[in-house]
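Chemist: The structure is given below, and queries will be raised subsequently.
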Amino acid sequence: MSRTRTQVGIVGAGPAGLTLAHLLQLEGIETYILEDRSREYVEARIRAGVIEQAIVDLLVEAGAGARLQHEGLVHHGIELQFAGERHRIPLSDLAGGRAIVIYGQTELVKDLIRLRLESGLPLHFEVSGVSVHELETERPLIRYRHEGRDEELECDVIAGCDGFHGICRPSIPAGVLSEFSRGYPFGWLGILAEVAPSNDELVYAHHERGFALSSLRSPELSRLYIQCRPDEDLAEWPDDRIWVELQTRLGLEGRTLAEGPILEKGVTGMRSYVCEPMRYGRLFLAGDAAHIVPPTGAKGLNLALHDVRVLADALATWHRSEDASGLDAYSDTCMRRVWRAEHFSWWMTQMLHRPEDGDPFDLKLQLSQLRYVTTSRAAATSLAENYVGLDMV
Ligand code: APR
Ligand code: PHB
């Protein structure tokens, strides 16, 4: 077995791991990134696409936002559709001028991988058998196999950026973490279609047949979702059936949705999950490894990048001056934003989705909430400031 030393060993090359490595590089801190999938797989995975202004600014300032700035689509509002009408929420007017940028997470991951490879710094794909050890000591270790060899990476700190199904969180001894979760009895069937988006802005639609969302990736690519069962069988959803359902839920009198070839389709379940604290000894969790939100609030990617910003700052301070106060506060600092996003995502989800049993009482409450949010400036402001991202202290 060969042994290598680094300062921060990063497990996972998703947006959290890649951004953390980039921010630490700017601080002169050495990192190693280990990813169990192939580069092709990671770059093909279709994920969310809404980025908060503050995260765009972070990426641009860090020199990782050139293509995002050029190709990202700035949106100043979203629409809520219910009871056969659309209502605009003017996000920027209500939230101090802030906007969101539409740019696929997949594209961001491609940009970050390219930057990392250009820098010549270590990023290993297709590693196997990753495990973390000695977390309570000052020399935590990562063991893995790469290109037929067993490797050991000795670190000052390990960053667990390996997503919800990764190995870092389960390596923390039982009884250390408190876990909080909520399941939902539905999922989203999502498609990427080669057709110009029919709407200028995102449309979140409440409909008696279930929720639907009209989003986009570019002026030529639409991204559309419909509420389905969490275990929905895609084989039962030929393209025609998907379009009929989308037309029913998103169409309005005089407006039909433009249809085009479906390039990709998939079903994702929905859950809310948080573990506390996001640290055990010298292991720090970030992003989906520590928390999951349902996609209705478009917060998953943003939360992951807020985490790594806090972690990179804390590690830089510790590296410069041996001051560990930022690291000690890491979990509490992140948790304030995490729980705000958990609440917002849960709230959007329960306001917009058809309950499993279609309970008429729930339906009346949903419609009342939607009417309130679209007619009261105070209620709309609350939605807007959460959607574009709050300043947290
Ligand atoms: N060893 C190495 N890498 C691993 C392992 C492992 N044992 N297990 C998982 N990984 C990798 C995954 O293949 C993935 O590339 O860790 C990475 C985790 O990335 P993401 O799941 O994208 O999580 P994160 O970087 O926290 O980004 C959060 O992703 O799922 C979306 O909605 C979520 O937008 C949010 C974002
Ligand atoms: C997306 O474009 O993929 C998207 C947009 C908004 C959401 C979730 C997903 O709330």
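Residue numbers start at 1 in each chain; chains themselves are named A, B, ... in the order of the structure tokens; ligands are numbered from 1 in the order shown.
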If we count only C-alpha atoms and set the cut-off at 8 Å, which residues sit around A:Leu91, ignoring sequence neighbours fewer than 4 positions away in its own chain? Please answer as number ranges by chain.
Modeler: A: 76-78, 95, 97-99, 381, 384-385, 387-388
Chemist: Using only C-alpha atoms, determine which residues lie at most 10 Å from stretch 160-168 of chain A, disregarding the query and same-chain residues fewer than 6 positions distant; provide the list as a VMD selection string.
Modeler: chain A and resid 9 to 18 20 33 to 36 129 to 133 273 278 to 279 283 to 292 304 308
Chemist: Find the residues near A:Ser181: any atom within 8 Å, counting only C-alpha atoms, skip ones fewer than 4 places away on the same chain, and give them as a ChimeraX atom specification.
Modeler: /A:271-274
Chemist: Which neighbours of stretch 148-159 of chain A fall inside 7 Å, counting only C-alpha atoms, when residues of the same chain fewer than 5 positions from it are skipped, and could you give them as number ranges by chain?
Modeler: A: 1-11, 138-143, 282-285
Chemist: Taking only C-alpha atoms and all ligand atoms into account, which residues are within 8 Å of ligand 2, as a PyMOL selection string?
Modeler: chain A and resi 47-50+102+104+202+213-217+223-224+295-299
Chemist: Go ahead and dump the residues you just picked, N, CA, C and O atoms, as a CSV table (one decimal), in the first residue's frame.
Modeler:
chain,number,residue,atom,x,y,z
A,47,ARG,N,-29.1,17.3,-13.2
A,47,ARG,CA,-29.6,17.7,-11.8
A,47,ARG,C,-30.3,19.0,-12.0
A,47,ARG,O,-30.7,19.5,-13.0
A,48,ALA,N,-30.5,19.7,-10.8
A,48,ALA,CA,-31.2,21.0,-10.8
A,48,ALA,C,-30.5,22.1,-11.6
A,48,ALA,O,-29.5,21.9,-12.1
A,49,GLY,N,-31.2,23.3,-11.6
A,49,GLY,CA,-30.6,24.3,-12.4
A,49,GLY,C,-30.8,25.8,-12.0
A,49,GLY,O,-30.7,26.7,-12.8
A,50,VAL,N,-31.2,26.0,-10.7
A,50,VAL,CA,-31.4,27.3,-10.3
A,50,VAL,C,-30.3,27.7,-9.3
A,50,VAL,O,-30.1,27.1,-8.3
A,102,ILE,N,-30.4,30.7,-14.1
A,102,ILE,CA,-30.7,29.4,-14.6
A,102,ILE,C,-29.4,28.9,-15.3
A,102,ILE,O,-29.0,29.4,-16.3
A,104,GLY,N,-27.5,24.8,-15.6
A,104,GLY,CA,-27.6,23.4,-15.1
A,104,GLY,C,-26.4,23.1,-14.2
A,104,GLY,O,-25.3,23.5,-14.4
A,202,LEU,N,-39.9,30.5,-14.9
A,202,LEU,CA,-40.4,29.2,-14.3
A,202,LEU,C,-41.8,29.3,-13.9
A,202,LEU,O,-42.3,30.3,-13.3
A,213,LEU,N,-44.1,21.6,-13.2
A,213,LEU,CA,-43.1,22.7,-13.2
A,213,LEU,C,-42.6,22.8,-14.6
A,213,LEU,O,-42.2,21.9,-15.2
A,214,SER,N,-42.6,24.1,-15.1
A,214,SER,CA,-42.0,24.4,-16.4
A,214,SER,C,-40.7,25.1,-16.1
A,214,SER,O,-40.8,26.2,-15.5
A,215,SER,N,-39.6,24.5,-16.4
A,215,SER,CA,-38.3,25.2,-16.3
A,215,SER,C,-37.5,25.1,-17.6
A,215,SER,O,-38.1,24.7,-18.6
A,216,LEU,N,-36.3,25.4,-17.6
A,216,LEU,CA,-35.5,25.5,-18.8
A,216,LEU,C,-34.1,25.3,-18.5
A,216,LEU,O,-33.6,25.4,-17.4
A,217,ARG,N,-33.3,25.0,-19.6
A,217,ARG,CA,-31.8,25.0,-19.5
A,217,ARG,C,-31.2,26.0,-20.4
A,217,ARG,O,-30.1,26.5,-20.1
A,223,ARG,N,-37.0,22.1,-19.5
A,223,ARG,CA,-36.9,21.1,-18.5
A,223,ARG,C,-38.2,21.1,-17.8
A,223,ARG,O,-38.7,22.2,-17.3
A,224,LEU,N,-38.9,20.0,-17.8
A,224,LEU,CA,-40.3,20.0,-17.3
A,224,LEU,C,-40.5,18.8,-16.3
A,224,LEU,O,-39.9,17.8,-16.5
A,295,PRO,N,-37.0,19.2,-4.1
A,295,PRO,CA,-36.5,20.1,-5.1
A,295,PRO,C,-37.4,21.3,-5.3
A,295,PRO,O,-37.1,22.3,-6.0
A,296,THR,N,-38.6,21.4,-4.7
A,296,THR,CA,-39.6,22.4,-5.0
A,296,THR,C,-39.1,23.8,-4.6
A,296,THR,O,-39.5,24.8,-5.2
A,297,GLY,N,-38.1,23.9,-3.7
A,297,GLY,CA,-37.6,25.3,-3.4
A,297,GLY,C,-36.3,25.6,-4.1
A,297,GLY,O,-35.8,26.7,-4.0
A,298,ALA,N,-35.8,24.6,-5.0
A,298,ALA,CA,-34.6,24.8,-5.7
A,298,ALA,C,-33.4,25.2,-4.8
A,298,ALA,O,-32.6,26.0,-5.2
A,299,LYS,N,-33.3,24.5,-3.7
A,299,LYS,CA,-32.3,24.9,-2.7
A,299,LYS,C,-31.1,23.9,-2.6
A,299,LYS,O,-30.0,24.3,-2.0
Chemist: Identify which of the residues A:Arg114, A:Arg182, A:His343, A:His146 lies closest to ligand 1, counting only C-alpha atoms and all ligand atoms when measuring atom-to-atom distances.
Modeler: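 Smallest distance to ligand 1 is found for A:His146.
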Chemist: If we count only C-alpha atoms and set the cut-off at 10 Å, which residues sit around A:Arg116, ignoring sequence neighbours fewer than 3 positions away in its own chain? Please answer as number ranges by chain.
Modeler: A: 18-19, 21-22, 25, 33, 110-113, 119-123
Chemist: What's the 8 Å shell around stretch 183-190 of chain A, counting only C-alpha atoms, without same-chain residues fewer than 4 positions away, as JSON, numbers by chain?
Modeler: {"A": [223, 224, 225, 226, 227, 228, 229, 230, 231, 232, 265, 266, 267, 268, 269, 270, 271, 272, 356]}
Chemist: May I have the residues from that selection written out with C-alpha atoms, as an mmCIF file, in the first residue's frame?
Modeler:
data_model
loop_
_atom_site.group_PDB
_atom_site.id
_atom_site.type_symbol
_atom_site.label_atom_id
_atom_site.label_comp_id
_atom_site.auth_asym_id
_atom_site.auth_seq_id
_atom_site.Cartn_x
_atom_site.Cartn_y
_atom_site.Cartn_z
ATOM 1 C CA ARG A 223 -36.868 21.122 -18.460
ATOM 2 C CA LEU A 224 -40.311 19.976 -17.290
ATOM 3 C CA TYR A 225 -41.575 18.006 -14.313
ATOM 4 C CA ILE A 226 -44.823 16.364 -13.200
ATOM 5 C CA GLN A 227 -45.734 15.024 -9.781
ATOM 6 C CA CYS A 228 -45.921 11.211 -9.821
ATOM 7 C CA ARG A 229 -45.646 8.303 -7.384
ATOM 8 C CA PRO A 230 -42.174 7.949 -5.818
ATOM 9 C CA ASP A 231 -41.859 4.459 -7.352
ATOM 10 C CA GLU A 232 -43.435 5.419 -10.691
ATOM 11 C CA LYS A 265 -36.402 11.288 -18.594
ATOM 12 C CA GLY A 266 -36.191 10.132 -15.016
ATOM 13 C CA VAL A 267 -38.078 9.789 -11.731
ATOM 14 C CA THR A 268 -36.754 11.154 -8.453
ATOM 15 C CA GLY A 269 -38.204 10.577 -5.010
ATOM 16 C CA MET A 270 -38.454 13.441 -2.551
ATOM 17 C CA ARG A 271 -37.326 13.688 1.023
ATOM 18 C CA SER A 272 -36.262 16.112 3.683
ATOM 19 C CA GLU A 356 -51.964 11.396 -1.609
#
Chemist: Check the smallest atom-to-atom distance from each of A:Glu179, A:Asp307, A:Glu136, A:Asp362 to ligand 1 using only C-alpha atoms and all ligand atoms, then report the winner.
Modeler: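 Checking each of A:Glu179, A:Asp307, A:Glu136, A:Asp362 against ligand 1, counting only C-alpha atoms and all ligand atoms, the winner is A:Asp307.
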Chemist: Report the residues of stretch 162-260 of chain A whose backbone DSSP state falls under alpha helix (DSSP H), written as a VMD selection string.
Modeler: chain A and resid 239 to 250
Chemist: Based on the selection just made, write all heavy atoms of those residues as a short mmCIF file (atom, residue, chain, number, x, y, z; two decimals), in the first residue's frame.
Modeler:
data_model
loop_
_atom_site.label_atom_id
_atom_site.label_comp_id
_atom_site.auth_asym_id
_atom_site.auth_seq_id
_atom_site.Cartn_x
_atom_site.Cartn_y
_atom_site.Cartn_z
N ASP A 239 -43.66 8.94 -24.27
CA ASP A 239 -43.57 10.40 -24.43
C ASP A 239 -44.95 11.06 -24.58
O ASP A 239 -45.20 12.11 -23.99
CB ASP A 239 -42.70 10.75 -25.66
CG ASP A 239 -41.25 10.31 -25.44
OD1 ASP A 239 -40.96 9.70 -24.38
OD2 ASP A 239 -40.42 10.56 -26.33
N ASP A 240 -45.84 10.42 -25.35
CA ASP A 240 -47.17 11.02 -25.59
C ASP A 240 -47.91 11.26 -24.29
O ASP A 240 -48.53 12.30 -24.09
CB ASP A 240 -48.04 10.09 -26.44
CG ASP A 240 -47.54 10.02 -27.85
OD1 ASP A 240 -46.57 10.73 -28.14
OD2 ASP A 240 -48.12 9.24 -28.64
N ARG A 241 -47.83 10.26 -23.41
CA ARG A 241 -48.56 10.38 -22.14
C ARG A 241 -47.97 11.53 -21.30
O ARG A 241 -48.72 12.27 -20.64
CB ARG A 241 -48.49 9.05 -21.37
CG ARG A 241 -49.24 9.12 -20.07
CD ARG A 241 -49.35 7.78 -19.37
NE ARG A 241 -49.96 7.97 -18.06
CZ ARG A 241 -49.74 7.23 -16.99
NH1 ARG A 241 -48.90 6.19 -17.08
NH2 ARG A 241 -50.32 7.48 -15.85
N ILE A 242 -46.68 11.67 -21.32
CA ILE A 242 -46.03 12.76 -20.55
C ILE A 242 -46.52 14.11 -21.07
O ILE A 242 -46.90 15.00 -20.30
CB ILE A 242 -44.49 12.67 -20.66
CG1 ILE A 242 -44.00 11.38 -20.01
CG2 ILE A 242 -43.83 13.90 -20.02
CD1 ILE A 242 -42.50 11.14 -20.10
N TRP A 243 -46.57 14.26 -22.42
CA TRP A 243 -46.99 15.56 -22.98
C TRP A 243 -48.45 15.87 -22.66
O TRP A 243 -48.79 17.00 -22.35
CB TRP A 243 -46.74 15.61 -24.50
CG TRP A 243 -45.27 15.79 -24.83
CD1 TRP A 243 -44.48 14.89 -25.49
CD2 TRP A 243 -44.43 16.90 -24.50
NE1 TRP A 243 -43.19 15.37 -25.60
CE2 TRP A 243 -43.13 16.60 -25.01
CE3 TRP A 243 -44.63 18.11 -23.84
CZ2 TRP A 243 -42.05 17.48 -24.87
CZ3 TRP A 243 -43.55 18.99 -23.70
CH2 TRP A 243 -42.28 18.67 -24.21
N VAL A 244 -49.30 14.83 -22.72
CA VAL A 244 -50.72 15.05 -22.41
C VAL A 244 -50.85 15.56 -20.97
O VAL A 244 -51.55 16.53 -20.68
CB VAL A 244 -51.54 13.74 -22.60
CG1 VAL A 244 -52.93 13.88 -21.99
CG2 VAL A 244 -51.64 13.38 -24.08
N GLU A 245 -50.11 14.92 -20.08
CA GLU A 245 -50.19 15.31 -18.67
C GLU A 245 -49.64 16.72 -18.46
O GLU A 245 -50.21 17.53 -17.71
CB GLU A 245 -49.39 14.28 -17.85
CG GLU A 245 -49.82 14.15 -16.42
CD GLU A 245 -51.29 13.82 -16.20
OE1 GLU A 245 -51.83 12.96 -16.91
OE2 GLU A 245 -51.89 14.46 -15.31
N LEU A 246 -48.54 17.03 -19.12
CA LEU A 246 -47.96 18.38 -19.00
C LEU A 246 -48.92 19.43 -19.55
O LEU A 246 -49.10 20.50 -18.96
CB LEU A 246 -46.62 18.45 -19.74
CG LEU A 246 -45.43 17.83 -19.00
CD1 LEU A 246 -44.24 17.63 -19.96
CD2 LEU A 246 -45.00 18.71 -17.82
N GLN A 247 -49.54 19.11 -20.71
CA GLN A 247 -50.50 20.08 -21.31
C GLN A 247 -51.66 20.32 -20.35
O GLN A 247 -52.12 21.45 -20.18
CB GLN A 247 -51.06 19.54 -22.63
CG GLN A 247 -50.06 19.35 -23.75
CD GLN A 247 -49.52 20.67 -24.32
OE1 GLN A 247 -49.88 21.74 -23.87
NE2 GLN A 247 -48.63 20.57 -25.29
N THR A 248 -52.15 19.23 -19.73
CA THR A 248 -53.29 19.35 -18.82
C THR A 248 -52.94 20.22 -17.62
O THR A 248 -53.71 21.09 -17.20
CB THR A 248 -53.73 17.96 -18.32
OG1 THR A 248 -53.90 17.12 -19.45
CG2 THR A 248 -55.00 18.03 -17.51
N ARG A 249 -51.77 19.97 -17.06
CA ARG A 249 -51.44 20.65 -15.80
C ARG A 249 -50.89 22.06 -16.01
O ARG A 249 -51.06 22.93 -15.14
CB ARG A 249 -50.43 19.82 -15.01
CG ARG A 249 -50.95 18.44 -14.65
CD ARG A 249 -49.98 17.72 -13.74
NE ARG A 249 -50.26 16.28 -13.65
CZ ARG A 249 -49.62 15.45 -12.86
NH1 ARG A 249 -48.65 15.89 -12.09
NH2 ARG A 249 -49.92 14.16 -12.84
N LEU A 250 -50.19 22.27 -17.13
CA LEU A 250 -49.54 23.58 -17.33
C LEU A 250 -50.24 24.47 -18.35
O LEU A 250 -50.02 25.67 -18.38
CB LEU A 250 -48.09 23.39 -17.78
CG LEU A 250 -47.08 23.07 -16.68
CD1 LEU A 250 -45.80 22.49 -17.29
CD2 LEU A 250 -46.75 24.29 -15.84
#
Chemist: Pick out the closest residue to ligand 1 from this set: A:Leu305, A:Glu220, A:Glu147, A:Gly210. Count only C-alpha atoms and all ligand atoms.
Modeler: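 Comparing A:Leu305, A:Glu220, A:Glu147, A:Gly210 against ligand 1, the winner is A:Leu305.
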Chemist: Might you pull out every residue within 10 Å of A:Thr375, with only C-alpha atoms counted and same-chain residues fewer than 5 positions away left off, and present them as a short mmCIF file (atom, residue, chain, number, x, y, z; two decimals) with C-alpha atoms, in the first residue's frame?
Modeler:
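selection10.cif, freshly written:
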data_model
loop_
_atom_site.label_atom_id
_atom_site.label_comp_id
_atom_site.auth_asym_id
_atom_site.auth_seq_id
_atom_site.Cartn_x
_atom_site.Cartn_y
_atom_site.Cartn_z
CA HIS A 87 -49.65 35.03 -11.04
CA ILE A 89 -43.95 36.82 -8.14
CA GLN A 369 -52.26 29.90 0.77
CA LEU A 370 -51.62 30.39 -2.95
CA ALA A 380 -44.96 37.34 -1.63
#
Chemist: Given only C-alpha atoms as the basis, pick out the residue of A:Pro360, A:Val338, A:Asp233, A:Tyr280 nearest to A:Glu134.
Modeler: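 Smallest distance to A:Glu134 is found for A:Tyr280.
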Chemist: Between atom CA of A:Ala193 and atom CA of A:Glu264, what is the spacing in Å?
Modeler: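 Result for atom CA of A:Glu264 versus atom CA of A:Ala193: 7.3 Å, one decimal.
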Chemist: Rank nothing, just name the residue among A:Leu315, A:Glu79, A:Glu253, A:Ser345 nearest to ligand 1, using only C-alpha atoms and all ligand atoms.
Modeler: A:Ser345
Chemist: Output as a PyMOL selection string all residues of stretch 68-303 of chain A that backbone DSSP marks as strand (DSSP E or B).
Modeler: chain A and resi 73-75+78-82+85-89+100-102+123-124+128-133+141-146+149-154+157-160+178-193+202-205+212-218+221-228+252+255+262-276+279-280+283-285+291-292
Chemist: Would you mind exporting the chosen residues as an mmCIF file, in the first residue's frame, restricted to C-alpha atoms?
Modeler:
data_model
loop_
_atom_site.group_PDB
_atom_site.id
_atom_site.type_symbol
_atom_site.label_atom_id
_atom_site.label_comp_id
_atom_site.auth_asym_id
_atom_site.auth_seq_id
_atom_site.Cartn_x
_atom_site.Cartn_y
_atom_site.Cartn_z
ATOM 1 C CA LEU A 73 -30.009 33.095 -17.849
ATOM 2 C CA VAL A 74 -30.844 35.766 -15.279
ATOM 3 C CA HIS A 75 -34.458 35.567 -14.069
ATOM 4 C CA ILE A 78 -41.303 33.183 -11.183
ATOM 5 C CA GLU A 79 -44.949 32.345 -11.801
ATOM 6 C CA LEU A 80 -47.405 30.448 -9.659
ATOM 7 C CA GLN A 81 -50.329 28.854 -11.506
ATOM 8 C CA PHE A 82 -53.490 27.655 -9.792
ATOM 9 C CA GLU A 85 -54.626 31.467 -13.680
ATOM 10 C CA ARG A 86 -51.020 32.531 -13.529
ATOM 11 C CA HIS A 87 -49.646 35.034 -11.040
ATOM 12 C CA ARG A 88 -46.149 36.501 -11.219
ATOM 13 C CA ILE A 89 -43.949 36.820 -8.140
ATOM 14 C CA ILE A 100 -31.609 33.861 -9.748
ATOM 15 C CA VAL A 101 -29.584 32.398 -12.585
ATOM 16 C CA ILE A 102 -30.682 29.388 -14.608
ATOM 17 C CA LEU A 123 -8.700 14.507 -8.889
ATOM 18 C CA HIS A 124 -9.121 10.750 -9.193
ATOM 19 C CA SER A 128 -13.242 2.059 -5.266
ATOM 20 C CA GLY A 129 -13.537 0.843 -1.697
ATOM 21 C CA VAL A 130 -13.261 4.318 -0.179
ATOM 22 C CA SER A 131 -13.189 4.260 3.635
ATOM 23 C CA VAL A 132 -12.291 6.843 6.294
ATOM 24 C CA HIS A 133 -10.366 6.129 9.520
ATOM 25 C CA LEU A 141 -6.878 8.611 6.825
ATOM 26 C CA ILE A 142 -8.710 7.752 3.624
ATOM 27 C CA ARG A 143 -8.146 4.295 2.149
ATOM 28 C CA TYR A 144 -9.148 3.481 -1.419
ATOM 29 C CA ARG A 145 -8.218 1.507 -4.497
ATOM 30 C CA HIS A 146 -7.197 3.200 -7.721
ATOM 31 C CA ARG A 149 -3.393 -0.316 -6.270
ATOM 32 C CA ASP A 150 -4.377 0.106 -2.625
ATOM 33 C CA GLU A 151 -3.756 3.679 -1.526
ATOM 34 C CA GLU A 152 -3.747 5.495 1.783
ATOM 35 C CA LEU A 153 -4.174 9.255 2.016
ATOM 36 C CA GLU A 154 -3.104 10.893 5.265
ATOM 37 C CA VAL A 157 -8.945 17.079 7.713
ATOM 38 C CA ILE A 158 -11.408 15.037 5.621
ATOM 39 C CA ALA A 159 -14.326 16.688 3.823
ATOM 40 C CA GLY A 160 -17.261 14.318 3.294
ATOM 41 C CA SER A 178 -29.109 13.407 15.515
ATOM 42 C CA GLU A 179 -31.119 12.753 12.364
ATOM 43 C CA PHE A 180 -34.325 14.465 11.263
ATOM 44 C CA SER A 181 -36.322 13.441 8.239
ATOM 45 C CA ARG A 182 -39.616 13.619 6.423
ATOM 46 C CA GLY A 183 -40.730 11.440 3.540
ATOM 47 C CA TYR A 184 -43.249 12.480 0.875
ATOM 48 C CA PRO A 185 -45.692 10.136 -0.840
ATOM 49 C CA PHE A 186 -44.753 11.439 -4.301
ATOM 50 C CA GLY A 187 -41.870 12.041 -6.664
ATOM 51 C CA TRP A 188 -41.130 14.040 -9.799
ATOM 52 C CA LEU A 189 -41.002 12.677 -13.304
ATOM 53 C CA GLY A 190 -38.620 15.033 -15.102
ATOM 54 C CA ILE A 191 -37.839 15.444 -18.784
ATOM 55 C CA LEU A 192 -35.346 17.408 -20.825
ATOM 56 C CA ALA A 193 -36.910 18.328 -24.174
ATOM 57 C CA LEU A 202 -40.356 29.239 -14.305
ATOM 58 C CA VAL A 203 -43.977 28.214 -13.760
ATOM 59 C CA TYR A 204 -44.888 26.260 -10.612
ATOM 60 C CA ALA A 205 -48.372 24.843 -11.208
ATOM 61 C CA ALA A 212 -46.153 20.447 -12.572
ATOM 62 C CA LEU A 213 -43.137 22.687 -13.197
ATOM 63 C CA SER A 214 -41.996 24.365 -16.362
ATOM 64 C CA SER A 215 -38.297 25.193 -16.273
ATOM 65 C CA LEU A 216 -35.530 25.450 -18.829
ATOM 66 C CA ARG A 217 -31.845 24.976 -19.456
ATOM 67 C CA SER A 218 -31.293 27.312 -22.416
ATOM 68 C CA LEU A 221 -33.967 23.348 -24.083
ATOM 69 C CA SER A 222 -36.979 22.912 -21.802
ATOM 70 C CA ARG A 223 -36.868 21.122 -18.460
ATOM 71 C CA LEU A 224 -40.311 19.976 -17.290
ATOM 72 C CA TYR A 225 -41.575 18.006 -14.313
ATOM 73 C CA ILE A 226 -44.823 16.364 -13.200
ATOM 74 C CA GLN A 227 -45.734 15.024 -9.781
ATOM 75 C CA CYS A 228 -45.921 11.211 -9.821
ATOM 76 C CA LEU A 252 -54.013 27.624 -19.947
ATOM 77 C CA ARG A 255 -51.706 28.869 -24.379
ATOM 78 C CA ILE A 262 -37.533 14.149 -25.225
ATOM 79 C CA LEU A 263 -33.771 13.787 -24.674
ATOM 80 C CA GLU A 264 -33.840 12.435 -21.149
ATOM 81 C CA LYS A 265 -36.402 11.288 -18.594
ATOM 82 C CA GLY A 266 -36.191 10.132 -15.016
ATOM 83 C CA VAL A 267 -38.078 9.789 -11.731
ATOM 84 C CA THR A 268 -36.754 11.154 -8.453
ATOM 85 C CA GLY A 269 -38.204 10.577 -5.010
ATOM 86 C CA MET A 270 -38.454 13.441 -2.551
ATOM 87 C CA ARG A 271 -37.326 13.688 1.023
ATOM 88 C CA SER A 272 -36.262 16.112 3.683
ATOM 89 C CA TYR A 273 -33.291 15.070 5.833
ATOM 90 C CA VAL A 274 -30.830 16.756 8.191
ATOM 91 C CA CYS A 275 -28.099 15.331 10.393
ATOM 92 C CA GLU A 276 -26.550 17.311 13.212
ATOM 93 C CA ARG A 279 -18.797 17.198 12.015
ATOM 94 C CA TYR A 280 -17.159 14.336 13.833
ATOM 95 C CA LEU A 283 -14.393 14.764 9.429
ATOM 96 C CA PHE A 284 -16.589 17.589 8.103
ATOM 97 C CA LEU A 285 -19.728 16.810 6.089
ATOM 98 C CA HIS A 291 -28.883 17.302 4.305
ATOM 99 C CA ILE A 292 -31.496 16.830 1.589
#
Chemist: So, with only C-alpha atoms and all ligand atoms as the atoms that count, which of A:Ser92, A:Ser198, A:Thr256, A:Thr106 lies closest to ligand 1?
Modeler: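 Closest residue, counting only C-alpha atoms and all ligand atoms: A:Thr106.
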